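Novice: Sending over start_2.cif (mmCIF, C-alpha atoms).
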data_run
loop_
_atom_site.label_atom_id
_atom_site.label_comp_id
_atom_site.auth_asym_id
_atom_site.auth_seq_id
_atom_site.Cartn_x
_atom_site.Cartn_y
_atom_site.Cartn_z
CA MET A 164 0.00 0.00 0.00
CA ARG A 165 1.15 3.51 -0.79
CA HIS A 166 3.38 5.12 1.86
CA ARG A 167 2.54 2.65 4.61
CA LEU A 168 4.35 4.35 7.45
CA ARG A 169 5.07 2.25 10.47
CA ALA A 170 7.81 1.69 12.97
CA PHE A 171 9.58 -1.54 12.21
CA ALA A 172 12.52 -3.62 13.33
CA THR A 173 15.30 -4.88 11.11
CA ALA A 174 15.86 -8.58 11.68
CA LEU A 175 19.56 -9.35 11.98
CA LEU A 176 21.18 -11.81 9.63
CA LEU A 177 23.37 -13.84 11.92
CA THR A 178 26.47 -15.71 10.80
CA LEU A 179 27.68 -19.06 12.06
CA GLY A 180 28.99 -18.87 15.60
CA ALA A 181 28.39 -15.13 15.87
CA PRO A 182 25.24 -14.49 17.92
CA ALA A 183 23.91 -10.98 17.85
CA THR A 184 21.04 -9.17 19.49
CA LEU A 185 17.74 -9.34 17.63
CA LEU A 186 16.12 -5.93 17.30
CA SER A 187 12.52 -6.13 18.45
CA ALA A 188 9.71 -4.16 16.88
CA ALA A 189 8.79 -0.85 18.44
CA PRO A 190 6.51 -1.45 21.44
CA ALA A 191 2.88 -1.62 20.45
CA ALA A 192 0.22 0.26 22.34
CA GLN A 193 -1.14 -1.39 25.43
CA GLY A 194 -3.48 -4.23 24.48
CA ASP A 195 -1.93 -4.73 21.04
CA ALA A 196 -3.25 -8.09 19.80
CA ARG A 197 -0.13 -9.66 18.27
CA THR A 198 -1.05 -13.22 19.14
CA ALA A 199 -2.46 -16.22 17.32
CA ALA A 200 -6.20 -15.75 16.97
CA GLN A 201 -8.26 -18.56 18.49
CA ALA A 202 -11.56 -16.80 19.29
CA ASP A 203 -12.46 -13.50 17.61
CA VAL A 204 -9.95 -10.74 18.36
CA GLU A 205 -10.61 -6.99 18.01
CA ILE A 206 -7.66 -4.84 16.96
CA CYS A 207 -7.86 -1.05 17.23
CA GLU A 208 -4.14 -0.29 17.58
CA GLN A 209 -2.80 1.63 14.60
CA TYR A 210 -0.49 -1.16 13.39
CA GLY A 211 -1.84 -4.00 15.51
CA SER A 212 -1.73 -7.48 14.00
CA THR A 213 -2.51 -11.10 14.79
CA THR A 214 -2.15 -14.47 13.07
CA ILE A 215 -4.90 -16.73 11.71
CA GLN A 216 -4.82 -20.34 10.54
CA ASP A 217 -1.24 -20.51 11.92
CA ARG A 218 -0.01 -19.14 8.57
CA TYR A 219 -1.39 -15.67 7.74
CA VAL A 220 -1.22 -12.24 9.41
CA VAL A 221 -4.16 -9.85 9.75
CA GLN A 222 -3.13 -6.21 10.23
CA ASN A 223 -5.12 -3.06 11.04
CA ASN A 224 -2.56 -0.88 9.21
CA ARG A 225 -4.16 2.55 9.77
CA TRP A 226 -1.42 4.66 8.21
CA GLY A 227 -3.17 7.65 6.61
CA THR A 228 -5.39 9.06 9.38
CA SER A 229 -5.51 9.59 13.13
CA ALA A 230 -9.19 8.61 13.29
CA THR A 231 -10.14 5.36 15.03
CA GLN A 232 -10.19 2.14 13.03
CA CYS A 233 -10.90 -1.36 14.39
CA VAL A 234 -11.01 -4.81 12.84
CA ASN A 235 -12.62 -7.93 14.26
CA VAL A 236 -10.44 -10.91 13.37
CA THR A 237 -12.06 -14.32 12.91
CA GLY A 238 -10.49 -17.70 12.26
CA THR A 239 -10.65 -17.15 8.47
CA GLY A 240 -10.52 -13.37 7.92
CA PHE A 241 -11.69 -10.07 9.39
CA THR A 242 -14.40 -7.42 9.41
CA LEU A 243 -13.81 -3.68 9.61
CA THR A 244 -16.01 -2.82 12.60
CA ARG A 245 -15.09 0.85 12.99
CA ALA A 246 -13.73 3.21 10.33
CA ASP A 247 -14.07 6.80 11.53
CA GLY A 248 -13.30 9.89 9.50
CA SER A 249 -12.55 10.56 5.85
CA VAL A 250 -9.76 11.87 3.63
CA PRO A 251 -9.90 13.66 0.25
CA THR A 252 -10.66 11.27 -2.61
CA ASN A 253 -8.00 12.87 -4.83
CA GLY A 254 -5.25 11.69 -2.46
CA ALA A 255 -4.16 8.58 -0.63
CA PRO A 256 -6.64 6.44 1.36
CA LYS A 257 -6.90 6.20 5.15
CA SER A 258 -5.50 2.73 5.61
CA TYR A 259 -5.08 -0.79 4.30
CA PRO A 260 -6.61 -3.31 6.74
CA SER A 261 -5.57 -6.62 5.24
CA VAL A 262 -4.50 -10.24 5.57
CA PHE A 263 -1.23 -11.44 4.07
CA ASN A 264 1.16 -14.26 3.29
CA GLY A 265 4.78 -13.10 3.30
CA CYS A 266 6.57 -10.18 4.94
CA HIS A 267 5.39 -6.63 5.64
CA TYR A 268 7.85 -4.29 7.37
CA THR A 269 9.64 -7.28 9.05
CA ASN A 270 6.30 -8.74 10.17
CA CYS A 271 6.38 -12.14 8.43
CA SER A 272 3.59 -14.69 8.44
CA PRO A 273 4.42 -18.00 10.16
CA GLY A 274 6.22 -20.50 7.92
CA THR A 275 5.93 -18.34 4.79
CA ARG A 276 7.99 -19.26 1.71
CA LEU A 277 8.24 -15.59 0.77
CA PRO A 278 10.38 -13.80 -0.28
CA LYS A 279 10.94 -16.18 -3.18
CA GLN A 280 12.51 -15.53 -6.57
CA ILE A 281 9.89 -15.18 -9.30
CA ALA A 282 11.71 -17.55 -11.67
CA THR A 283 11.53 -20.35 -9.09
CA ILE A 284 7.75 -20.06 -8.57
CA GLY A 285 5.69 -22.42 -10.70
CA SER A 286 2.30 -21.25 -9.47
CA ALA A 287 0.82 -19.27 -6.61
CA PRO A 288 -2.81 -20.35 -6.25
CA THR A 289 -4.93 -18.12 -4.07
CA SER A 290 -8.54 -17.66 -3.09
CA ILE A 291 -10.36 -14.64 -1.67
CA SER A 292 -13.93 -13.88 -0.60
CA TYR A 293 -14.95 -10.27 0.10
CA GLY A 294 -17.95 -8.67 1.79
CA TYR A 295 -18.89 -5.20 0.51
CA VAL A 296 -20.92 -2.18 1.71
CA ASP A 297 -22.48 0.72 -0.22
CA ASN A 298 -22.26 3.61 2.24
CA ALA A 299 -18.51 4.23 1.91
CA VAL A 300 -15.78 5.20 -0.55
CA TYR A 301 -13.16 2.45 -0.97
CA ASN A 302 -11.58 -0.16 -3.14
CA ALA A 303 -11.18 -3.86 -2.44
CA SER A 304 -7.51 -4.34 -3.24
CA PHE A 305 -5.48 -7.52 -3.64
CA ASP A 306 -1.78 -6.55 -3.51
CA ILE A 307 1.30 -8.41 -4.77
CA TRP A 308 4.69 -6.93 -3.88
CA LEU A 309 7.87 -7.43 -5.94
CA ASP A 310 11.47 -6.33 -5.37
CA PRO A 311 14.93 -6.96 -6.91
CA GLN A 312 16.08 -8.16 -3.46
CA PRO A 313 14.53 -10.70 -1.02
CA LYS A 314 13.32 -7.79 1.04
CA THR A 315 11.42 -8.27 4.30
CA ASP A 316 11.35 -4.63 5.44
CA GLY A 317 10.24 -1.31 3.99
CA VAL A 318 8.65 -0.54 0.63
CA ASN A 319 9.28 -2.79 -2.37
CA ARG A 320 10.07 -1.60 -5.89
CA THR A 321 6.83 -2.65 -7.61
CA GLU A 322 3.29 -3.05 -6.33
CA ILE A 323 0.65 -4.98 -8.26
CA MET A 324 -2.86 -3.95 -7.24
CA ILE A 325 -5.93 -5.94 -8.28
CA TRP A 326 -9.05 -3.86 -7.69
CA PHE A 327 -11.90 -6.32 -7.07
CA ASN A 328 -14.32 -3.47 -6.40
CA ARG A 329 -14.34 0.33 -6.63
CA VAL A 330 -16.97 2.45 -4.87
CA GLY A 331 -16.96 6.25 -5.15
CA PRO A 332 -14.93 8.88 -7.06
CA ILE A 333 -11.48 7.26 -6.75
CA GLN A 334 -8.95 5.99 -9.25
CA PRO A 335 -5.63 4.12 -9.19
CA ILE A 336 -2.19 5.70 -9.20
CA GLY A 337 -1.03 7.10 -12.56
CA SER A 338 -3.00 6.86 -15.77
CA ARG A 339 -4.92 4.25 -17.69
CA ASN A 340 -2.99 2.28 -20.32
CA GLY A 341 -5.72 0.30 -22.04
CA SER A 342 -7.02 -3.11 -21.03
CA ALA A 343 -5.72 -6.64 -20.61
CA THR A 344 -7.13 -10.13 -20.20
CA VAL A 345 -5.58 -11.83 -17.17
CA GLY A 346 -6.84 -14.98 -15.50
CA GLY A 347 -9.68 -15.19 -18.01
CA ARG A 348 -11.05 -11.76 -17.02
CA THR A 349 -10.83 -8.34 -18.65
CA TRP A 350 -9.27 -5.51 -16.62
CA GLU A 351 -8.56 -1.82 -16.97
CA VAL A 352 -4.77 -1.38 -16.64
CA TRP A 353 -3.29 1.65 -14.86
CA THR A 354 0.40 2.39 -14.31
CA GLY A 355 2.25 5.07 -12.36
CA ASN A 356 4.49 5.85 -9.42
CA ASN A 357 3.34 7.09 -6.01
CA GLY A 358 6.68 8.67 -5.11
CA GLY A 359 7.86 5.56 -3.28
CA ASN A 360 7.32 2.67 -5.68
CA ASP A 361 5.98 1.77 -9.11
CA VAL A 362 2.37 0.65 -9.25
CA ILE A 363 0.46 -1.36 -11.84
CA SER A 364 -3.28 -1.68 -11.15
CA PHE A 365 -5.76 -4.10 -12.70
CA VAL A 366 -9.27 -2.73 -12.18
CA ALA A 367 -12.37 -4.92 -12.54
CA PRO A 368 -15.16 -3.20 -14.52
CA THR A 369 -17.74 -4.67 -12.11
CA ALA A 370 -17.42 -5.93 -8.55
CA ILE A 371 -15.99 -9.41 -7.99
CA PRO A 372 -17.20 -10.84 -4.64
CA SER A 373 -14.94 -13.92 -4.66
CA TRP A 374 -12.39 -15.59 -6.92
CA SER A 375 -9.79 -18.36 -7.01
CA PHE A 376 -6.87 -17.64 -9.33
CA ASP A 377 -3.11 -17.88 -9.87
CA VAL A 378 -1.18 -14.84 -8.67
CA MET A 379 1.53 -15.63 -11.23
CA ASP A 380 -0.80 -14.63 -14.08
CA PHE A 381 -0.59 -11.03 -12.85
CA VAL A 382 3.13 -11.28 -12.07
CA ASP A 383 3.82 -12.54 -15.61
CA GLN A 384 1.81 -9.64 -17.05
CA THR A 385 3.85 -7.20 -14.95
CA VAL A 386 7.15 -8.74 -16.08
CA SER A 387 6.05 -8.56 -19.73
CA ARG A 388 5.50 -4.81 -19.29
CA GLY A 389 9.04 -4.30 -17.95
CA MET A 390 7.94 -3.43 -14.42
CA ALA A 391 9.68 -6.46 -12.88
CA ALA A 392 12.08 -9.22 -13.93
CA PRO A 393 12.22 -13.01 -13.44
CA ASN A 394 15.22 -12.67 -11.10
CA TRP A 395 13.23 -10.37 -8.78
CA TYR A 396 11.48 -11.65 -5.65
CA MET A 397 7.86 -11.88 -4.63
CA THR A 398 7.79 -10.66 -1.02
CA SER A 399 4.12 -10.74 -0.03
CA ILE A 400 0.56 -11.41 -1.14
CA GLN A 401 -2.06 -9.27 0.59
CA ALA A 402 -5.83 -8.83 0.45
CA GLY A 403 -7.88 -6.07 2.05
CA PHE A 404 -9.43 -2.65 1.60
CA GLU A 405 -8.37 0.95 1.00
CA PRO A 406 -11.08 3.17 2.50
CA TRP A 407 -11.26 6.93 1.89
CA GLN A 408 -14.58 7.54 3.61
CA GLY A 409 -16.22 5.25 6.17
CA GLY A 410 -15.87 1.53 5.57
CA ALA A 411 -17.44 -0.16 8.60
CA GLY A 412 -18.81 -3.56 7.61
CA LEU A 413 -16.27 -4.35 4.90
CA SER A 414 -14.93 -7.88 5.32
CA VAL A 415 -12.49 -10.45 4.05
CA ASN A 416 -14.51 -13.60 4.69
CA SER A 417 -11.74 -16.02 3.72
CA PHE A 418 -8.23 -16.00 2.26
CA SER A 419 -5.73 -18.64 1.18
CA SER A 420 -2.33 -18.43 -0.50
CA THR A 421 0.12 -21.16 -1.55
CA ILE A 422 3.50 -20.93 -3.29
CA SER A 423 4.51 -23.88 -5.51
CA ASP A 424 7.94 -24.53 -7.01
CA ASP A 425 8.59 -24.33 -10.73
CA ASP A 426 8.95 -28.13 -10.93
CA GLY A 427 5.29 -28.47 -10.01
CA GLY A 428 5.94 -29.47 -6.41
CA SER A 429 4.65 -27.50 -3.48
CA GLY A 430 6.74 -26.95 -0.40
CA GLU A 431 3.60 -26.17 1.59
CA GLU A 432 0.97 -28.22 3.35
CA PRO A 433 -2.06 -26.66 5.01
CA PRO A 434 -2.09 -26.80 8.81
CA GLY A 435 -3.54 -30.12 9.92
CA GLY A 436 -2.42 -31.78 6.68
CA PRO A 437 0.03 -34.67 6.31
CA THR A 438 2.89 -34.64 8.76
CA GLY A 439 6.13 -36.57 9.00
CA SER A 440 8.12 -34.87 6.22
CA CYS A 441 9.93 -32.88 8.90
CA GLN A 442 10.82 -33.42 12.52
CA VAL A 443 11.88 -30.76 15.02
CA GLY A 444 13.98 -31.21 18.13
CA TYR A 445 13.80 -28.42 20.72
CA ALA A 446 16.27 -28.47 23.61
CA ALA A 447 15.95 -25.62 26.13
CA ASN A 448 18.32 -24.53 28.89
CA VAL A 449 16.32 -22.49 31.41
CA TRP A 450 17.19 -20.18 34.31
CA PRO A 451 15.03 -17.68 36.19
CA GLY A 452 13.76 -15.16 33.64
CA GLY A 453 15.84 -16.43 30.71
CA PHE A 454 16.59 -19.37 28.46
CA THR A 455 18.42 -20.62 25.39
CA ALA A 456 16.99 -23.06 22.87
CA GLU A 457 18.81 -25.27 20.37
CA VAL A 458 16.51 -26.21 17.50
CA THR A 459 17.25 -29.08 15.12
CA VAL A 460 15.24 -29.42 11.91
CA LYS A 461 15.28 -32.85 10.22
CA ASN A 462 14.15 -33.40 6.65
CA ALA A 463 12.28 -36.70 6.89
CA GLY A 464 11.22 -36.54 3.25
CA THR A 465 12.81 -38.10 0.18
CA ALA A 466 13.93 -34.88 -1.58
CA PRO A 467 16.23 -32.07 -0.44
CA VAL A 468 14.72 -28.88 0.99
CA ASP A 469 16.32 -25.82 -0.61
CA GLY A 470 15.57 -22.71 1.43
CA TRP A 471 13.75 -23.21 4.72
CA ASN A 472 11.46 -21.22 6.99
CA LEU A 473 10.55 -22.71 10.35
CA GLY A 474 7.45 -21.22 11.93
CA PHE A 475 6.42 -21.61 15.57
CA THR A 476 4.70 -19.67 18.34
CA LEU A 477 6.37 -18.99 21.67
CA PRO A 478 4.18 -19.45 24.76
CA ALA A 479 2.84 -16.28 26.39
CA GLY A 480 5.44 -14.21 28.22
CA GLN A 481 8.39 -15.30 26.06
CA SER A 482 10.44 -13.18 23.64
CA VAL A 483 13.60 -13.61 21.58
CA THR A 484 16.66 -11.45 22.30
CA SER A 485 19.36 -12.97 20.07
CA ALA A 486 19.94 -15.86 17.68
CA TRP A 487 22.61 -17.73 15.72
CA ASN A 488 22.72 -19.77 12.51
CA ALA A 489 19.32 -18.34 11.45
CA SER A 490 17.57 -15.05 10.81
CA LEU A 491 14.61 -14.71 13.19
CA THR A 492 11.67 -12.36 12.91
CA SER A 493 9.04 -12.14 15.62
CA SER A 494 5.62 -10.52 15.93
CA GLY A 495 4.32 -11.07 19.41
CA GLY A 496 4.80 -14.77 20.00
CA ALA A 497 4.79 -15.79 16.32
CA VAL A 498 8.37 -16.53 15.21
CA THR A 499 9.79 -17.33 11.77
CA ALA A 500 13.37 -18.65 11.54
CA ARG A 501 15.00 -18.55 8.10
CA ASP A 502 18.19 -20.05 6.75
CA ILE A 503 21.10 -17.65 6.17
CA GLY A 504 22.45 -18.96 2.90
CA PHE A 505 25.22 -21.37 3.81
CA ASN A 506 22.72 -23.64 5.60
CA SER A 507 19.81 -23.28 3.14
CA ARG A 508 19.79 -26.92 2.02
CA ILE A 509 18.54 -29.77 4.18
CA GLN A 510 19.36 -33.04 2.48
CA ALA A 511 16.83 -35.88 2.56
CA GLY A 512 17.35 -37.46 5.95
CA GLY A 513 19.66 -34.61 6.99
CA THR A 514 19.38 -31.84 9.55
CA GLN A 515 20.14 -28.17 10.12
CA SER A 516 20.35 -26.51 13.53
CA PHE A 517 20.08 -23.02 14.93
CA GLY A 518 19.73 -21.48 18.36
CA PHE A 519 18.36 -18.44 20.10
CA GLN A 520 18.25 -16.79 23.50
CA GLY A 521 15.17 -15.32 25.10
CA THR A 522 13.43 -14.09 28.20
CA TYR A 523 10.22 -15.26 29.88
CA THR A 524 7.83 -14.43 32.66
CA GLY A 525 5.73 -16.85 34.67
CA THR A 526 6.17 -20.57 34.09
CA PHE A 527 8.47 -21.65 31.26
CA ALA A 528 7.00 -23.83 28.49
CA GLU A 529 8.17 -25.02 25.06
CA PRO A 530 6.42 -24.45 21.71
CA ASP A 531 4.24 -27.40 20.79
CA ARG A 532 3.81 -26.85 17.04
CA PHE A 533 6.23 -26.22 14.18
CA THR A 534 5.86 -25.77 10.42
CA LEU A 535 8.61 -26.12 7.80
CA ASN A 536 7.83 -24.02 4.71
CA GLY A 537 4.18 -24.23 5.72
CA ALA A 538 4.07 -28.01 6.32
CA ALA A 539 3.32 -29.28 9.81
CA CYS A 540 6.21 -31.07 11.50
CA THR A 541 6.33 -33.74 14.17
CA THR A 542 8.34 -33.08 17.30
CA ALA A 543 11.20 -35.29 18.46
CA PRO A 544 10.50 -37.11 21.74
#
Mind turning the file's structure into structure tokens?
Specialist:
Amino acid sequence: MRHRLRAFATALLLTLGAPATLLSAAPAAQGDARTAAQADVEICEQYGSTTIQDRYVVQNNRWGTSATQCVNVTGTGFTLTRADGSVPTNGAPKSYPSVFNGCHYTNCSPGTRLPKQIATIGSAPTSISYGYVDNAVYNASFDIWLDPQPKTDGVNRTEIMIWFNRVGPIQPIGSRNGSATVGGRTWEVWTGNNGGNDVISFVAPTAIPSWSFDVMDFVDQTVSRGMAAPNWYMTSIQAGFEPWQGGAGLSVNSFSSTISDDDGGSGEEPPGGPTGSCQVGYAANVWPGGFTAEVTVKNAGTAPVDGWNLGFTLPAGQSVTSAWNASLTSSGGAVTARDIGFNSRIQAGGTQSFGFQGTYTGTFAEPDRFTLNGAACTTAP
């Protein structure tokens, strides 16, 4: 989204045997709901976020106004329950409440495979269901972010916007450059620059309430227009709304996103799907108020894993302070550990290990669930 201003932390890339302190995100306002959503969770904090389905992040992302905005997060999506105020329709919108797979200003969804180089992605099937209202000015925007680098922080070079619905006197960034057929549908095509990144927008002539499609169809169209290249990276896939006026009642009813390799294989399994292709050992050394953990990831499958993301959620009261042999990002208790290049391959039957140090309050406990590139893992006894 255009000029999404938020405080963010830069996750440290840590080399073998050289632990360093992990920079934590700027403290959220009291009551910030950065935890895995079990029952419905209401978020009113400006940049508050929470996880759903153990694999996606829902964010309030109120970046363009000081007026109150709240989202009610369900197990499958969210509803905008309060959207006060308005901004001029010839400028930027108020916010971008959304759900995403990937990384947004160092906030990465658990077990995501993004960033991933475009040339290595065979398909990126996704599904979205929206709920609309009439008494507001907004668009329903599905965003795809691309960058020359595997960027997990800040603004990317190119933003693809798919406008599923447009209500009121608003238009995309730049100017219209004809039409295109993508994914079997006809779209208005707009291109421009918002001062921070290039934007290509595909605008539906009539509202689309729900759709299942391949994100790569739009990425390929963007590459063919010279606004990205195959050696660039896809960093996130996001779905939500850009409201200018009002917006209460808008909803993302459901969202799914999967990244498949160019050989036709998928490195992802939905939570609750088949397990046993990975096994995680977690050995903790605990003292009052602090601990270290050595994590061993075993590839129990029959093919090598090239590039790994291990997702898990720390119990309440725990936080990471430093790490080694992996790059860790954390949002509340949700943690994603990524390889750091030299240890990116896990041979079939082989292992990779990393460690981290943290603090805790109350009674210490260990995480009880892990995902490797989105696939559920078993835990070593």
Novice: Translate the PyMOL selection byres ((chain A and resi 363) around 12), as applied to the file shown, into an explicit residue set as an NGL selection string.
Specialist: :A and (164 or 305-309 or 320-326 or 335-340 or 342-343 or 350-357 or 360-362 or 364-366 or 381-382 or 384-386 or 388-391)
Novice: Find the spatial neighbours of A:Cys266, counting all atoms listed in the file, within a cut-off of 8 Å - ignore same-chain residues fewer than 2 positions away - and output them as a list in words.
Specialist: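 Listing them by chain and then by number gives Phe263, Asn264, Tyr268, Thr269, Asn270, Cys271, Ser272, Leu277, Pro278, Thr315, Asp316, Thr398 and Ser399 of chain A.
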Novice: Please check which residues have atoms at most 10 Å from (1.6, -20.0, -11.9) in the file's coordinates, counting all atoms listed in the file, and write them as JSON, numbers by chain.
Specialist: {"A": [281, 284, 285, 286, 287, 288, 376, 377, 378, 379, 380, 381, 382, 383, 422, 423, 424, 425, 427]}
Novice: List as a VMD selection string the protein and nucleic acid residues near stretch 231-248 of chain A, meaning an atom at most 10 Å away when only C-alpha atoms are counted, but skip any in the same chain fewer than 2 places from it.
Specialist: chain A and resid 199 to 209 211 to 217 219 to 225 228 to 229 250 257 to 258 260 to 262 291 to 294 299 402 to 404 406 to 419
Novice: Closest to A:Phe454 among A:Val468, A:Ala230, A:Leu473, A:Val483, using only C-alpha atoms?
Specialist: A:Val483
Novice: Give me the residues within 9 Å of A:Asn253 as a list in words, counting only C-alpha atoms and dropping any in the same chain fewer than 6 places off.
Specialist: Pro332, Ile333 and Gln334 of chain A
Novice: What do you get, as a PDB file with C-alpha atoms, keeping the file's coordinate frame, if you spell out every residue that the PyMOL selection byres ((chain A and resi 459) around 7) selects here?
Specialist:
ATOM      1  CA  VAL A 443      11.880 -30.760  15.020  1.00  0.00           C
ATOM      2  CA  GLY A 444      13.980 -31.210  18.130  1.00  0.00           C
ATOM      3  CA  TYR A 445      13.800 -28.420  20.720  1.00  0.00           C
ATOM      4  CA  GLU A 457      18.810 -25.270  20.370  1.00  0.00           C
ATOM      5  CA  VAL A 458      16.510 -26.210  17.500  1.00  0.00           C
ATOM      6  CA  VAL A 460      15.240 -29.420  11.910  1.00  0.00           C
ATOM      7  CA  LYS A 461      15.280 -32.850  10.220  1.00  0.00           C
ATOM      8  CA  THR A 514      19.380 -31.840   9.550  1.00  0.00           C
ATOM      9  CA  GLN A 515      20.140 -28.170  10.120  1.00  0.00           C
ATOM     10  CA  SER A 516      20.350 -26.510  13.530  1.00  0.00           C
ATOM     11  CA  PHE A 517      20.080 -23.020  14.930  1.00  0.00           C
TER      12      PHE A 517
END
Novice: Under the rule that only C-alpha atoms are counted, which of A:Gln481, A:Asn328, A:Ser440, A:Thr252 is the nearest residue to A:Gly537?
Specialist: A:Ser440
Novice: For the atom pair atom CA of A:Asn298 and atom CA of A:Trp226, what is the interatomic distance in Å to one decimal place?
Specialist: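 Atom CA of A:Trp226 lies at a distance of 21.7 Å from atom CA of A:Asn298.
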Novice: Output stretch 456-469 of chain A as a PDB file, in the frame of the given file, making sure N, CA, C and O atoms are there.
Specialist:
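Resulting contents of selection.pdb:
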ATOM      1  N   ALA A 456      17.599 -21.897  23.523  1.00  0.00           N
ATOM      2  CA  ALA A 456      16.990 -23.060  22.870  1.00  0.00           C
ATOM      3  C   ALA A 456      17.834 -23.445  21.668  1.00  0.00           C
ATOM      4  O   ALA A 456      18.232 -22.583  20.869  1.00  0.00           O
ATOM      5  N   GLU A 457      18.137 -24.717  21.543  1.00  0.00           N
ATOM      6  CA  GLU A 457      18.810 -25.270  20.370  1.00  0.00           C
ATOM      7  C   GLU A 457      17.763 -26.042  19.580  1.00  0.00           C
ATOM      8  O   GLU A 457      17.134 -26.982  20.094  1.00  0.00           O
ATOM      9  N   VAL A 458      17.561 -25.630  18.328  1.00  0.00           N
ATOM     10  CA  VAL A 458      16.510 -26.210  17.500  1.00  0.00           C
ATOM     11  C   VAL A 458      17.136 -26.984  16.351  1.00  0.00           C
ATOM     12  O   VAL A 458      17.969 -26.450  15.617  1.00  0.00           O
ATOM     13  N   THR A 459      16.751 -28.232  16.193  1.00  0.00           N
ATOM     14  CA  THR A 459      17.250 -29.080  15.120  1.00  0.00           C
ATOM     15  C   THR A 459      16.091 -29.435  14.190  1.00  0.00           C
ATOM     16  O   THR A 459      15.044 -29.920  14.641  1.00  0.00           O
ATOM     17  N   VAL A 460      16.268 -29.161  12.908  1.00  0.00           N
ATOM     18  CA  VAL A 460      15.240 -29.420  11.910  1.00  0.00           C
ATOM     19  C   VAL A 460      15.696 -30.583  11.040  1.00  0.00           C
ATOM     20  O   VAL A 460      16.732 -30.494  10.365  1.00  0.00           O
ATOM     21  N   LYS A 461      14.939 -31.675  11.032  1.00  0.00           N
ATOM     22  CA  LYS A 461      15.280 -32.850  10.220  1.00  0.00           C
ATOM     23  C   LYS A 461      14.344 -32.943   9.028  1.00  0.00           C
ATOM     24  O   LYS A 461      13.125 -32.818   9.152  1.00  0.00           O
ATOM     25  N   ASN A 462      14.919 -33.152   7.854  1.00  0.00           N
ATOM     26  CA  ASN A 462      14.150 -33.400   6.650  1.00  0.00           C
ATOM     27  C   ASN A 462      13.872 -34.895   6.565  1.00  0.00           C
ATOM     28  O   ASN A 462      14.745 -35.682   6.214  1.00  0.00           O
ATOM     29  N   ALA A 463      12.650 -35.289   6.910  1.00  0.00           N
ATOM     30  CA  ALA A 463      12.280 -36.700   6.890  1.00  0.00           C
ATOM     31  C   ALA A 463      11.685 -37.116   5.552  1.00  0.00           C
ATOM     32  O   ALA A 463      11.214 -38.242   5.407  1.00  0.00           O
ATOM     33  N   GLY A 464      11.735 -36.218   4.569  1.00  0.00           N
ATOM     34  CA  GLY A 464      11.220 -36.540   3.250  1.00  0.00           C
ATOM     35  C   GLY A 464      12.262 -37.219   2.378  1.00  0.00           C
ATOM     36  O   GLY A 464      13.364 -37.561   2.828  1.00  0.00           O
ATOM     37  N   THR A 465      11.929 -37.385   1.103  1.00  0.00           N
ATOM     38  CA  THR A 465      12.810 -38.100   0.180  1.00  0.00           C
ATOM     39  C   THR A 465      13.540 -37.173  -0.783  1.00  0.00           C
ATOM     40  O   THR A 465      14.334 -37.638  -1.607  1.00  0.00           O
ATOM     41  N   ALA A 466      13.270 -35.855  -0.704  1.00  0.00           N
ATOM     42  CA  ALA A 466      13.930 -34.880  -1.580  1.00  0.00           C
ATOM     43  C   ALA A 466      14.540 -33.782  -0.729  1.00  0.00           C
ATOM     44  O   ALA A 466      14.046 -33.478   0.365  1.00  0.00           O
ATOM     45  N   PRO A 467      15.621 -33.159  -1.209  1.00  0.00           N
ATOM     46  CA  PRO A 467      16.230 -32.070  -0.440  1.00  0.00           C
ATOM     47  C   PRO A 467      15.269 -30.892  -0.294  1.00  0.00           C
ATOM     48  O   PRO A 467      14.397 -30.662  -1.135  1.00  0.00           O
ATOM     49  N   VAL A 468      15.437 -30.139   0.779  1.00  0.00           N
ATOM     50  CA  VAL A 468      14.720 -28.880   0.990  1.00  0.00           C
ATOM     51  C   VAL A 468      15.720 -27.753   0.726  1.00  0.00           C
ATOM     52  O   VAL A 468      16.757 -27.671   1.386  1.00  0.00           O
ATOM     53  N   ASP A 469      15.439 -26.933  -0.265  1.00  0.00           N
ATOM     54  CA  ASP A 469      16.320 -25.820  -0.610  1.00  0.00           C
ATOM     55  C   ASP A 469      15.649 -24.515  -0.189  1.00  0.00           C
ATOM     56  O   ASP A 469      14.702 -24.059  -0.820  1.00  0.00           O
TER      57      ASP A 469
END
